[in-house]
>>> print(open('start-v4.cif').read())   # mmCIF, C-alpha atoms and all ligand atoms
data_structure
#
loop_
_atom_site.group_PDB
_atom_site.id
_atom_site.type_symbol
_atom_site.label_atom_id
_atom_site.label_comp_id
_atom_site.auth_asym_id
_atom_site.auth_seq_id
_atom_site.Cartn_x
_atom_site.Cartn_y
_atom_site.Cartn_z
ATOM 1 C CA MET A 1 0.000 0.000 0.000
ATOM 2 C CA ILE A 2 1.387 3.373 -0.957
ATOM 3 C CA THR A 3 0.791 5.703 1.913
ATOM 4 C CA VAL A 4 3.031 8.705 1.628
ATOM 5 C CA ASP A 5 4.364 10.864 -1.131
ATOM 6 C CA TRP A 6 7.006 8.436 -2.253
ATOM 7 C CA SER A 7 7.976 10.729 -5.104
ATOM 8 C CA ALA A 8 9.595 12.953 -2.497
ATOM 9 C CA TRP A 9 11.105 9.987 -0.708
ATOM 10 C CA LYS A 10 14.743 9.249 -0.529
ATOM 11 C CA PRO A 11 16.135 6.343 1.438
ATOM 12 C CA GLY A 12 18.078 7.351 4.500
ATOM 13 C CA ASP A 13 15.952 10.413 5.090
ATOM 14 C CA GLU A 14 17.762 12.071 7.943
ATOM 15 C CA ASP A 15 15.553 15.158 8.083
ATOM 16 C CA SER A 16 12.373 13.251 8.767
ATOM 17 C CA GLN A 17 14.305 11.031 11.157
ATOM 18 C CA LEU A 18 15.350 14.146 13.038
ATOM 19 C CA ILE A 19 11.791 15.453 13.099
ATOM 20 C CA ALA A 20 10.459 12.172 14.475
ATOM 21 C CA SER A 21 13.210 12.033 17.109
ATOM 22 C CA ALA A 22 11.979 15.072 19.026
ATOM 23 C CA PRO A 23 10.654 14.096 22.465
ATOM 24 C CA GLY A 24 6.854 14.092 22.523
ATOM 25 C CA TRP A 25 6.706 14.368 18.733
ATOM 26 C CA LEU A 26 4.153 11.611 18.115
ATOM 27 C CA ALA A 27 1.831 12.639 20.958
ATOM 28 C CA GLU A 28 1.922 16.232 19.783
ATOM 29 C CA GLY A 29 1.353 15.172 16.185
ATOM 30 C CA LEU A 30 -1.740 13.172 17.093
ATOM 31 C CA ARG A 31 -3.036 16.121 19.102
ATOM 32 C CA ASN A 32 -2.337 18.698 16.414
ATOM 33 C CA GLN A 33 -3.849 16.598 13.635
ATOM 34 C CA ARG A 34 -6.809 15.786 15.909
ATOM 35 C CA ILE A 35 -6.441 12.083 15.422
ATOM 36 C CA SER A 36 -6.687 9.295 17.955
ATOM 37 C CA PHE A 37 -6.537 5.576 17.535
ATOM 38 C CA PRO A 38 -8.252 3.159 19.909
ATOM 39 C CA GLY A 39 -5.668 2.293 22.561
ATOM 40 C CA SER A 40 -3.116 4.920 21.543
ATOM 41 C CA GLU A 41 -3.470 6.703 24.889
ATOM 42 C CA ASP A 42 -2.243 3.577 26.694
ATOM 43 C CA VAL A 43 1.033 3.088 24.838
ATOM 44 C CA ASP A 44 4.466 4.655 25.112
ATOM 45 C CA LEU A 45 4.366 6.960 22.121
ATOM 46 C CA ASP A 46 7.999 8.027 22.477
ATOM 47 C CA SER A 47 9.161 4.417 22.152
ATOM 48 C CA ILE A 48 7.037 4.031 19.061
ATOM 49 C CA ALA A 49 8.389 7.303 17.687
ATOM 50 C CA ARG A 50 11.925 6.003 18.209
ATOM 51 C CA ILE A 51 11.190 3.008 15.990
ATOM 52 C CA ILE A 52 9.494 5.217 13.391
ATOM 53 C CA ALA A 53 12.432 7.643 13.377
ATOM 54 C CA LEU A 54 14.873 4.807 12.871
ATOM 55 C CA GLY A 55 12.738 3.416 10.057
ATOM 56 C CA LEU A 56 12.625 6.808 8.365
ATOM 57 C CA GLY A 57 16.378 7.131 8.634
ATOM 58 C CA GLU A 58 16.899 3.720 7.136
ATOM 59 C CA GLY A 59 14.273 4.185 4.441
ATOM 60 C CA SER A 60 12.275 1.237 5.759
ATOM 61 C CA ALA A 61 8.855 0.318 4.436
ATOM 62 C CA GLU A 62 5.862 0.988 6.629
ATOM 63 C CA ALA A 63 5.266 -2.748 7.011
ATOM 64 C CA THR A 64 8.786 -3.190 8.387
ATOM 65 C CA VAL A 65 8.277 -0.428 10.941
ATOM 66 C CA THR A 66 4.901 -1.903 11.913
ATOM 67 C CA LYS A 67 6.453 -5.305 12.472
ATOM 68 C CA LYS A 68 9.169 -3.797 14.675
ATOM 69 C CA ILE A 69 6.588 -1.983 16.784
ATOM 70 C CA VAL A 70 4.673 -5.241 17.260
ATOM 71 C CA ASN A 71 7.781 -7.296 18.021
ATOM 72 C CA GLU A 72 9.657 -4.855 20.233
ATOM 73 C CA LEU A 73 6.809 -3.178 22.081
ATOM 74 C CA GLY A 74 4.094 -5.828 21.971
ATOM 75 C CA LEU A 75 1.458 -3.616 20.402
ATOM 76 C CA LEU A 76 -1.493 -5.184 18.665
ATOM 77 C CA LYS A 77 -1.045 -5.128 14.932
ATOM 78 C CA PRO A 78 -3.957 -2.807 14.044
ATOM 79 C CA LEU A 79 -2.704 -0.128 16.418
ATOM 80 C CA ALA A 80 0.909 -0.600 15.314
ATOM 81 C CA THR A 81 -0.177 -0.305 11.677
ATOM 82 C CA SER A 82 -2.150 2.876 12.365
ATOM 83 C CA LEU A 83 0.642 4.533 14.317
ATOM 84 C CA ALA A 84 3.364 3.544 11.846
ATOM 85 C CA HIS A 85 1.327 4.930 8.975
ATOM 86 C CA PHE A 86 0.376 8.091 10.818
ATOM 87 C CA GLY A 87 3.884 8.746 12.109
ATOM 88 C CA MET A 88 5.640 8.208 8.806
ATOM 89 C CA ALA A 89 3.116 10.313 6.895
ATOM 90 C CA LEU A 90 3.360 13.042 9.523
ATOM 91 C CA ALA A 91 7.152 13.200 9.427
ATOM 92 C CA MET A 92 7.113 13.303 5.622
ATOM 93 C CA SER A 93 4.608 16.165 5.585
ATOM 94 C CA GLN A 94 6.477 18.100 8.220
ATOM 95 C CA ARG A 95 9.724 17.670 6.378
ATOM 96 C CA ALA A 96 8.087 18.780 3.121
ATOM 97 C CA LEU A 97 6.604 21.833 4.791
ATOM 98 C CA GLY A 98 9.975 22.640 6.309
ATOM 99 C CA ASP A 99 11.547 22.520 2.866
ATOM 100 C CA TYR A 100 8.867 24.731 1.340
ATOM 101 C CA ARG A 101 9.002 27.297 4.112
ATOM 102 C CA ASN A 102 12.611 27.968 3.271
ATOM 103 C CA VAL A 103 11.712 29.095 -0.208
ATOM 104 C CA GLU A 104 10.660 32.694 -0.598
ATOM 105 C CA GLY A 105 7.033 33.213 -1.596
ATOM 106 C CA VAL A 106 6.114 29.573 -1.776
ATOM 107 C CA ARG A 107 2.573 28.590 -1.037
ATOM 108 C CA VAL A 108 1.434 25.045 -0.573
ATOM 109 C CA GLN A 109 -1.439 23.209 -2.134
ATOM 110 C CA TRP A 110 -3.296 20.263 -0.609
ATOM 111 C CA ASP A 111 -3.558 17.289 -2.903
ATOM 112 C CA SER A 112 -6.344 15.099 -1.547
ATOM 113 C CA ALA A 113 -6.225 11.400 -2.155
ATOM 114 C CA GLY A 114 -9.954 11.287 -1.482
ATOM 115 C CA CYS A 115 -9.401 9.715 1.945
ATOM 116 C CA CYS A 116 -12.532 11.268 3.431
ATOM 117 C CA ASP A 117 -14.864 14.269 3.233
ATOM 118 C CA LYS A 118 -12.535 16.259 5.458
ATOM 119 C CA CYS A 119 -9.557 15.761 3.190
ATOM 120 C CA ASP A 120 -11.621 16.583 0.140
ATOM 121 C CA LYS A 121 -12.515 19.928 1.697
ATOM 122 C CA ASN A 122 -8.832 20.829 1.501
ATOM 123 C CA ASP A 123 -8.341 19.532 -1.990
ATOM 124 C CA GLY A 124 -6.697 22.047 -4.277
ATOM 125 C CA LYS A 125 -6.712 24.748 -1.600
ATOM 126 C CA ILE A 126 -3.630 26.937 -1.504
ATOM 127 C CA VAL A 127 -2.227 28.555 1.637
ATOM 128 C CA GLU A 128 1.011 30.149 2.710
ATOM 129 C CA ALA A 129 3.335 27.442 4.013
ATOM 130 C CA GLY A 130 2.528 26.975 7.697
ATOM 131 C CA GLN A 131 -0.988 28.402 7.519
ATOM 132 C CA ALA A 132 -4.011 26.187 8.145
ATOM 133 C CA PHE A 133 -6.120 24.688 5.389
ATOM 134 C CA THR A 134 -9.944 24.599 5.487
ATOM 135 C CA THR A 135 -10.039 21.766 8.024
ATOM 136 C CA GLY A 136 -7.576 23.528 10.317
ATOM 137 C CA HIS A 137 -4.669 21.246 9.439
ATOM 138 C CA GLN A 138 -1.360 22.696 8.288
ATOM 139 C CA PHE A 139 -0.504 19.455 6.509
ATOM 140 C CA PRO A 140 -1.631 15.827 6.207
ATOM 141 C CA PRO A 141 -2.474 13.392 7.710
ATOM 142 C CA ALA A 142 -5.931 14.759 8.411
ATOM 143 C CA CYS A 143 -7.561 11.413 9.115
ATOM 144 C CA ASN A 144 -6.627 7.910 10.206
ATOM 145 C CA TYR A 145 -5.516 6.571 6.868
ATOM 146 C CA CYS A 146 -4.778 9.815 5.143
ATOM 147 C CA ILE A 147 -2.561 9.543 2.096
ATOM 148 C CA CYS A 148 -2.915 13.160 1.024
ATOM 149 C CA CYS A 149 0.131 15.267 0.380
ATOM 150 C CA ILE A 150 1.070 18.893 0.079
ATOM 151 C CA MET A 151 3.042 20.327 -2.748
ATOM 152 C CA PRO A 152 4.524 23.684 -3.511
ATOM 153 C CA PHE A 153 2.418 26.113 -5.511
ATOM 154 C CA ILE A 154 4.351 28.799 -7.303
ATOM 155 C CA GLU A 155 2.724 31.451 -9.449
ATOM 156 C CA PHE A 156 4.615 32.538 -12.488
HETATM 157 ZN ZN ZN A 201 -9.128 12.073 5.138
HETATM 158 ZN ZN ZN A 202 -6.210 12.636 3.401
#
>>> encode(input="start-v4.cif", output="structure tokens")
Amino acid sequence: MITVDWSAWKPGDEDSQLIASAPGWLAEGLRNQRISFPGSEDVDLDSIARIIALGLGEGSAEATVTKKIVNELGLLKPLATSLAHFGMALAMSQRALGDYRNVEGVRVQWDSAGCCDKCDKNDGKIVEAGQAFTTGHQFPPACNYCICCIMPFIEF
């Protein structure tokens, strides 16, 4: 299953690894994106984030990261799958936004994958990098299995 913007992906992605390594990153991400998964309040999100960060740095597939979360932390597979997907998509979006913000005058456009009604509300909308889209999100994921992405929008 393709879940993030793999076109922007490079193996050994140290920037997104760095992003995901910040203490409290995953808990804050879930809060900011207004997403919760059943059982996610009972697990050690920093430990999960550590595995996600490592996976990002190594260019691992989501399935590999999920398996590690299950094996090393004993999470149930559905929750591990949800958190691995969410975390990797989040780090990718944050890294992308970080890149775009460094470019003068760049605005970002939401490209909805049709995940849900919420995501579709943002589809094609253009904001200044770092500003909120229609749903209040600065970047995907906006829902549990969001595979939307943001891309730079430059007017010529
Ligand atoms: Zn959605
Ligand atoms: Zn989405």
>>> atom_distance(input="start-v4.cif", atom1="atom CA of A:Asp44", atom2="atom CA of A:Ala89")
19.1 Å
>>> residues_near_ligand(input="start-v4.cif", ligand="ligand ZN 202 (chain A)", cutoff="10 Å", atoms="only C-alpha atoms and all ligand atoms", output="number ranges by chain")
A: 3, 110-123, 139-149
>>> closest_residue(input="start-v4.cif", among="A:Val65, A:Ile52, A:Phe86, A:Asp42", to="ligand ZN 201 (chain A)", atoms="only C-alpha atoms and all ligand atoms")
A:Phe86
>>> closest_residue(input="start-v4.cif", among="A:Leu54, A:Leu76, A:Leu90, A:Val70", to="A:Arg31", atoms="all atoms listed in the file")
A:Leu90
>>> closest_residue(input="start-v4.cif", among="A:Ala63, A:Leu56, A:Ala80, A:Leu45", to="A:Gly29", atoms="all atoms listed in the file")
A:Leu45
>>> atom_distance(input="start-v4.cif", atom1="atom CA of A:Asp46", atom2="atom CA of A:Lys67")
16.7 Å
>>> resolve_selection(input="start-v4.cif", expression="the PyMOL selection byres (((chain A and resi 38) around 10) and not hetatm)", output="ChimeraX atom specification")
/A:36-37,39-42,78-79,82
>>> atom_distance(input="start-v4.cif", atom1="atom CA of A:Thr81", atom2="atom CA of A:Ile69")
8.6 Å
>>> closest_residue(input="start-v4.cif", among="A:Gln33, A:Ser93, A:Ser21, A:Ser16", to="ligand ZN 201 (chain A)", atoms="all atoms listed in the file")
A:Gln33
>>> residues_near_point(input="start-v4.cif", point="(2.8, 28.9, 5.6)", cutoff="9 Å", atoms="all atoms listed in the file", output="list in words")
Leu97, Tyr100, Arg101, Val106, Arg107, Val108, Val127, Glu128, Ala129, Gly130, Gln131, Ala132 and Gln138 of chain A
>>> write_last_selection(input="start-v4.cif", atoms="C-alpha atoms", output="PDB file, keeping the file's coordinate frame")
ATOM      1  CA  LEU A  97       6.604  21.833   4.791  1.00  0.00           C
ATOM      2  CA  TYR A 100       8.867  24.731   1.340  1.00  0.00           C
ATOM      3  CA  ARG A 101       9.002  27.297   4.112  1.00  0.00           C
ATOM      4  CA  VAL A 106       6.114  29.573  -1.776  1.00  0.00           C
ATOM      5  CA  ARG A 107       2.573  28.590  -1.037  1.00  0.00           C
ATOM      6  CA  VAL A 108       1.434  25.045  -0.573  1.00  0.00           C
ATOM      7  CA  VAL A 127      -2.227  28.555   1.637  1.00  0.00           C
ATOM      8  CA  GLU A 128       1.011  30.149   2.710  1.00  0.00           C
ATOM      9  CA  ALA A 129       3.335  27.442   4.013  1.00  0.00           C
ATOM     10  CA  GLY A 130       2.528  26.975   7.697  1.00  0.00           C
ATOM     11  CA  GLN A 131      -0.988  28.402   7.519  1.00  0.00           C
ATOM     12  CA  ALA A 132      -4.011  26.187   8.145  1.00  0.00           C
ATOM     13  CA  GLN A 138      -1.360  22.696   8.288  1.00  0.00           C
TER      14      GLN A 138
END
>>> axis_aligned_box(input="start-v4.cif", around="stretch 110-121 of chain A", padding_each_side="8 Å", output="AutoDock Vina command-line options")
--center_x -9.1 --center_y 15.0 --center_z 1.3 --size_x 27.6 --size_y 26.5 --size_z 24.4
>>> closest_residue(input="start-v4.cif", among="A:Ile35, A:Ile154, A:Leu18, A:Ala49", to="ligand ZN 201 (chain A)", atoms="only C-alpha atoms and all ligand atoms")
A:Ile35
>>> closest_residue(input="start-v4.cif", among="A:Val43, A:Gly57, A:Arg34, A:Lys77", to="ligand ZN 201 (chain A)", atoms="only C-alpha atoms and all ligand atoms")
A:Arg34
>>> residues_near_point(input="start-v4.cif", point="(11.6, 14.5, 10.4)", cutoff="6 Å", atoms="only C-alpha atoms", output="CSV table (one decimal) with C-alpha atoms, in the frame of the given file")
chain,number,residue,atom,x,y,z
A,15,ASP,CA,15.6,15.2,8.1
A,16,SER,CA,12.4,13.3,8.8
A,17,GLN,CA,14.3,11.0,11.2
A,18,LEU,CA,15.4,14.1,13.0
A,19,ILE,CA,11.8,15.5,13.1
A,20,ALA,CA,10.5,12.2,14.5
A,91,ALA,CA,7.2,13.2,9.4
A,95,ARG,CA,9.7,17.7,6.4
>>> decode(input="start-v4.cif", residues="stretch 132-152 of chain A", atoms="C-alpha atoms", output="PDB file, in the first residue's frame")
ATOM      1  CA  ALA A 132      -4.011  26.187   8.145  1.00  0.00           C
ATOM      2  CA  PHE A 133      -6.120  24.688   5.389  1.00  0.00           C
ATOM      3  CA  THR A 134      -9.944  24.599   5.487  1.00  0.00           C
ATOM      4  CA  THR A 135     -10.039  21.766   8.024  1.00  0.00           C
ATOM      5  CA  GLY A 136      -7.576  23.528  10.317  1.00  0.00           C
ATOM      6  CA  HIS A 137      -4.669  21.246   9.439  1.00  0.00           C
ATOM      7  CA  GLN A 138      -1.360  22.696   8.288  1.00  0.00           C
ATOM      8  CA  PHE A 139      -0.504  19.455   6.509  1.00  0.00           C
ATOM      9  CA  PRO A 140      -1.631  15.827   6.207  1.00  0.00           C
ATOM     10  CA  PRO A 141      -2.474  13.392   7.710  1.00  0.00           C
ATOM     11  CA  ALA A 142      -5.931  14.759   8.411  1.00  0.00           C
ATOM     12  CA  CYS A 143      -7.561  11.413   9.115  1.00  0.00           C
ATOM     13  CA  ASN A 144      -6.627   7.910  10.206  1.00  0.00           C
ATOM     14  CA  TYR A 145      -5.516   6.571   6.868  1.00  0.00           C
ATOM     15  CA  CYS A 146      -4.778   9.815   5.143  1.00  0.00           C
ATOM     16  CA  ILE A 147      -2.561   9.543   2.096  1.00  0.00           C
ATOM     17  CA  CYS A 148      -2.915  13.160   1.024  1.00  0.00           C
ATOM     18  CA  CYS A 149       0.131  15.267   0.380  1.00  0.00           C
ATOM     19  CA  ILE A 150       1.070  18.893   0.079  1.00  0.00           C
ATOM     20  CA  MET A 151       3.042  20.327  -2.748  1.00  0.00           C
ATOM     21  CA  PRO A 152       4.524  23.684  -3.511  1.00  0.00           C
TER      22      PRO A 152
END
